[in-house]
Amino acid sequence: MKHDLHLVALAAWIALCLCTGAVGAVAAAQARTFYAALDRPSWSPPGWVFGPVWTTLFVLMGTGAWTVWRERGWSGAQTALALFCMQLVLNALWSWLFFAWHRGGLAFAEVLLLALSIAATMVAFGQVRTAAALLLLPYLAWVSFASVLNYSLWRRNPTLL
């Protein structure tokens, strides 16, 4: 019975992360056309890369949060899990700022805040379980790359962003 509860909780944490992605996807409904129209640096990934990367990251993130929850529960890891939830909000907000509202500079400032909140979450997760923090490392790496890309796109496309 306890094993079943843990699997349900794992699915719930992953679903929460995937829902964050869905909220961002609503904002990015026209992202393919918009991204294709931008003057992009040669090192920018093709648009099709983002979906698989984000899906993988959301699964890793949910697994990390679940690991912390399983180890200490909500009350025992409230700060770590609250930080995690806060960075999910920032994650979804970025898509709105960049793709829906075309606010490149604001999106850049926000993605830097997102990266800092991921780092803070990793520190908090690491105090509970190192593996949980390490599961967020690819996410931090991708968001760090995305922040550089965001900056480049913003500077290269002043009339669009």
# chains A, B, ... in the order shown; residues from 1 in each chain; ligands from 1
>>> residues_around(residues="stretch 18-34 of chain A", least_positions_apart="5", cutoff="8 Å", atoms="only C-alpha atoms", output="VMD selection string")
chain A and resid 47 54 to 55 58 to 59 88 to 89 91 to 96 99 to 100
>>> write_last_selection(atoms="C-alpha atoms", output="PDB file, in the first residue's frame")
ATOM      1  CA  GLY A  47      12.703  24.718 -32.657  1.00  0.00           C
ATOM      2  CA  TRP A  54      11.566  20.254 -21.691  1.00  0.00           C
ATOM      3  CA  THR A  55       9.644  17.003 -21.329  1.00  0.00           C
ATOM      4  CA  PHE A  58      10.078  18.162 -16.285  1.00  0.00           C
ATOM      5  CA  VAL A  59      10.275  14.433 -15.552  1.00  0.00           C
ATOM      6  CA  LEU A  88       7.745  26.406 -11.436  1.00  0.00           C
ATOM      7  CA  VAL A  89       5.742  29.642 -11.478  1.00  0.00           C
ATOM      8  CA  ASN A  91       9.283  28.783 -15.397  1.00  0.00           C
ATOM      9  CA  ALA A  92       5.765  29.178 -16.784  1.00  0.00           C
ATOM     10  CA  LEU A  93       5.956  32.976 -16.645  1.00  0.00           C
ATOM     11  CA  TRP A  94       8.985  33.097 -18.923  1.00  0.00           C
ATOM     12  CA  SER A  95       7.048  31.672 -21.878  1.00  0.00           C
ATOM     13  CA  TRP A  96       4.407  34.346 -21.470  1.00  0.00           C
ATOM     14  CA  PHE A  99       6.505  34.274 -26.656  1.00  0.00           C
ATOM     15  CA  ALA A 100       3.103  35.782 -25.861  1.00  0.00           C
TER      16      ALA A 100
END
>>> residues_around(residues="stretch 107-112 of chain A", least_positions_apart="5", cutoff="10 Å", atoms="only C-alpha atoms", output="PyMOL selection string")
chain A and resi 90-91+93-99+101-102+117-118+143-144+146-154+161
>>> residues_around(residues="stretch 76-83 of chain A", least_positions_apart="5", cutoff="8 Å", atoms="only C-alpha atoms", output="short mmCIF file (atom, residue, chain, number, x, y, z; two decimals) with all heavy atoms, in the first residue's frame")
data_model
loop_
_atom_site.label_atom_id
_atom_site.label_comp_id
_atom_site.auth_asym_id
_atom_site.auth_seq_id
_atom_site.Cartn_x
_atom_site.Cartn_y
_atom_site.Cartn_z
N ALA A 65 11.67 16.51 -6.90
CA ALA A 65 10.73 16.99 -5.88
C ALA A 65 10.12 15.82 -5.12
O ALA A 65 9.99 15.87 -3.89
CB ALA A 65 9.63 17.84 -6.52
N VAL A 68 12.52 14.46 -2.51
CA VAL A 68 12.55 15.29 -1.30
C VAL A 68 11.28 15.05 -0.48
O VAL A 68 11.34 14.87 0.74
CB VAL A 68 12.70 16.78 -1.67
CG1 VAL A 68 12.46 17.69 -0.48
CG2 VAL A 68 14.08 17.02 -2.27
N TRP A 69 10.14 15.04 -1.15
CA TRP A 69 8.86 14.80 -0.45
C TRP A 69 8.86 13.42 0.22
O TRP A 69 8.45 13.29 1.37
CB TRP A 69 7.70 14.90 -1.44
CG TRP A 69 6.40 14.49 -0.85
CD1 TRP A 69 5.56 15.25 -0.11
CD2 TRP A 69 5.82 13.18 -0.90
NE1 TRP A 69 4.48 14.51 0.29
CE2 TRP A 69 4.62 13.23 -0.18
CE3 TRP A 69 6.21 11.98 -1.49
CZ2 TRP A 69 3.80 12.13 -0.03
CZ3 TRP A 69 5.40 10.88 -1.34
CH2 TRP A 69 4.20 10.96 -0.63
N SER A 117 16.64 30.93 -8.69
CA SER A 117 15.69 30.15 -7.88
C SER A 117 15.92 28.65 -8.03
O SER A 117 15.73 27.90 -7.08
CB SER A 117 14.25 30.54 -8.20
OG SER A 117 13.87 30.09 -9.47
N ALA A 120 18.88 27.95 -5.81
CA ALA A 120 18.44 27.93 -4.41
C ALA A 120 17.68 26.64 -4.10
O ALA A 120 17.85 26.05 -3.02
CB ALA A 120 17.56 29.15 -4.11
N THR A 121 16.86 26.21 -5.03
CA THR A 121 16.13 24.95 -4.85
C THR A 121 17.10 23.78 -4.77
O THR A 121 16.92 22.88 -3.95
CB THR A 121 15.11 24.75 -6.00
OG1 THR A 121 14.22 25.87 -6.03
CG2 THR A 121 14.32 23.47 -5.81
N ALA A 124 18.61 23.70 -1.35
CA ALA A 124 17.63 23.20 -0.38
C ALA A 124 17.40 21.69 -0.56
O ALA A 124 17.30 20.95 0.43
CB ALA A 124 16.32 23.97 -0.51
N PHE A 125 17.31 21.24 -1.80
CA PHE A 125 17.14 19.81 -2.06
C PHE A 125 18.36 19.04 -1.58
O PHE A 125 18.25 17.95 -1.02
CB PHE A 125 16.93 19.54 -3.55
CG PHE A 125 15.51 19.69 -4.04
CD1 PHE A 125 14.55 20.41 -3.33
CD2 PHE A 125 15.12 19.10 -5.23
CE1 PHE A 125 13.26 20.55 -3.80
CE2 PHE A 125 13.83 19.21 -5.71
CZ PHE A 125 12.89 19.94 -5.00
N VAL A 128 18.46 17.83 1.84
CA VAL A 128 17.61 16.68 2.12
C VAL A 128 18.20 15.42 1.52
O VAL A 128 18.34 14.40 2.19
CB VAL A 128 16.17 16.91 1.58
CG1 VAL A 128 15.30 15.68 1.77
CG2 VAL A 128 15.55 18.14 2.24
#
>>> residues_around(residues="A:Leu137", least_positions_apart="4", cutoff="8 Å", atoms="only C-alpha atoms", output="mmCIF file with N, CA and C atoms, in the first residue's frame")
data_model
loop_
_atom_site.group_PDB
_atom_site.id
_atom_site.type_symbol
_atom_site.label_atom_id
_atom_site.label_comp_id
_atom_site.auth_asym_id
_atom_site.auth_seq_id
_atom_site.Cartn_x
_atom_site.Cartn_y
_atom_site.Cartn_z
ATOM 1 N N MET A 122 18.114 23.802 -5.600
ATOM 2 C CA MET A 122 19.112 22.727 -5.563
ATOM 3 C C MET A 122 19.820 22.673 -4.212
ATOM 4 N N ALA A 133 18.999 17.044 -5.633
ATOM 5 C CA ALA A 133 19.631 18.255 -6.169
ATOM 6 C C ALA A 133 20.253 17.968 -7.525
ATOM 7 N N ALA A 141 21.401 23.780 -16.101
ATOM 8 C CA ALA A 141 22.266 23.946 -17.276
ATOM 9 C C ALA A 141 21.456 24.448 -18.474
#
>>> atom_distance(atom1="atom CA of A:Phe84", atom2="atom CA of A:Tyr35")
28.2 Å
>>> closest_residue(among="A:Cys17, A:Gly105, A:Ala11, A:Ala131", to="A:Met86", atoms="only C-alpha atoms")
A:Cys17
>>> residues_around(residues="A:Leu136", least_positions_apart="3", cutoff="7 Å", atoms="only C-alpha atoms", output="PDB file with C-alpha atoms, in the first residue's frame")
ATOM      1  CA  LEU A  60      13.658  14.887 -13.848  1.00  0.00           C
ATOM      2  CA  MET A  61      12.365  17.891 -11.878  1.00  0.00           C
ATOM      3  CA  GLY A  64      13.653  15.366  -7.679  1.00  0.00           C
ATOM      4  CA  MET A 122      19.112  22.727  -5.563  1.00  0.00           C
ATOM      5  CA  ALA A 133      19.631  18.255  -6.169  1.00  0.00           C
ATOM      6  CA  TYR A 139      17.518  21.911 -15.718  1.00  0.00           C
ATOM      7  CA  LEU A 140      19.885  24.567 -14.372  1.00  0.00           C
TER       8      LEU A 140
END
>>> closest_residue(among="A:Phe145, A:Leu113, A:Ser42, A:Glu71", to="A:Gly126", atoms="only C-alpha atoms")
A:Glu71
>>> atom_distance(atom1="atom CA of A:Leu10", atom2="atom CA of A:Trp66")
5.5 Å
>>> select_by_dssp(residues="stretch 41-142 of chain A", states="alpha helix (DSSP H)", output="VMD selection string")
chain A and resid 50 to 76 78 to 95 104 to 128 130 to 134 137 to 142
>>> closest_residue(among="A:Leu7, A:Ala115, A:Ile14, A:Val49", to="A:Thr63", atoms="only C-alpha atoms")
A:Ile14
>>> residues_around(residues="stretch 155-160 of chain A", least_positions_apart="5", cutoff="8 Å", atoms="only C-alpha atoms", output="ChimeraX atom specification")
/A:38-40,102
>>> write_last_selection(atoms="N, CA and C atoms", output="short mmCIF file (atom, residue, chain, number, x, y, z; two decimals), in the first residue's frame")
data_model
loop_
_atom_site.label_atom_id
_atom_site.label_comp_id
_atom_site.auth_asym_id
_atom_site.auth_seq_id
_atom_site.Cartn_x
_atom_site.Cartn_y
_atom_site.Cartn_z
N LEU A 38 12.69 35.04 -35.97
CA LEU A 38 13.74 35.77 -35.26
C LEU A 38 15.09 35.60 -35.95
N ASP A 39 15.91 36.63 -35.85
CA ASP A 39 17.30 36.53 -36.26
C ASP A 39 18.01 35.79 -35.12
N ARG A 40 18.40 34.55 -35.39
CA ARG A 40 18.98 33.69 -34.36
C ARG A 40 20.48 33.51 -34.57
N HIS A 102 6.16 39.16 -26.04
CA HIS A 102 7.33 39.66 -26.78
C HIS A 102 8.13 40.70 -26.00
#
>>> closest_residue(among="A:Cys85, A:Val53, A:Leu114, A:Ala36", to="A:Trp13", atoms="only C-alpha atoms")
A:Cys85
>>> closest_residue(among="A:Ala119, A:Gln87, A:Leu5, A:Trp43", to="A:Pro138", atoms="only C-alpha atoms")
A:Ala119
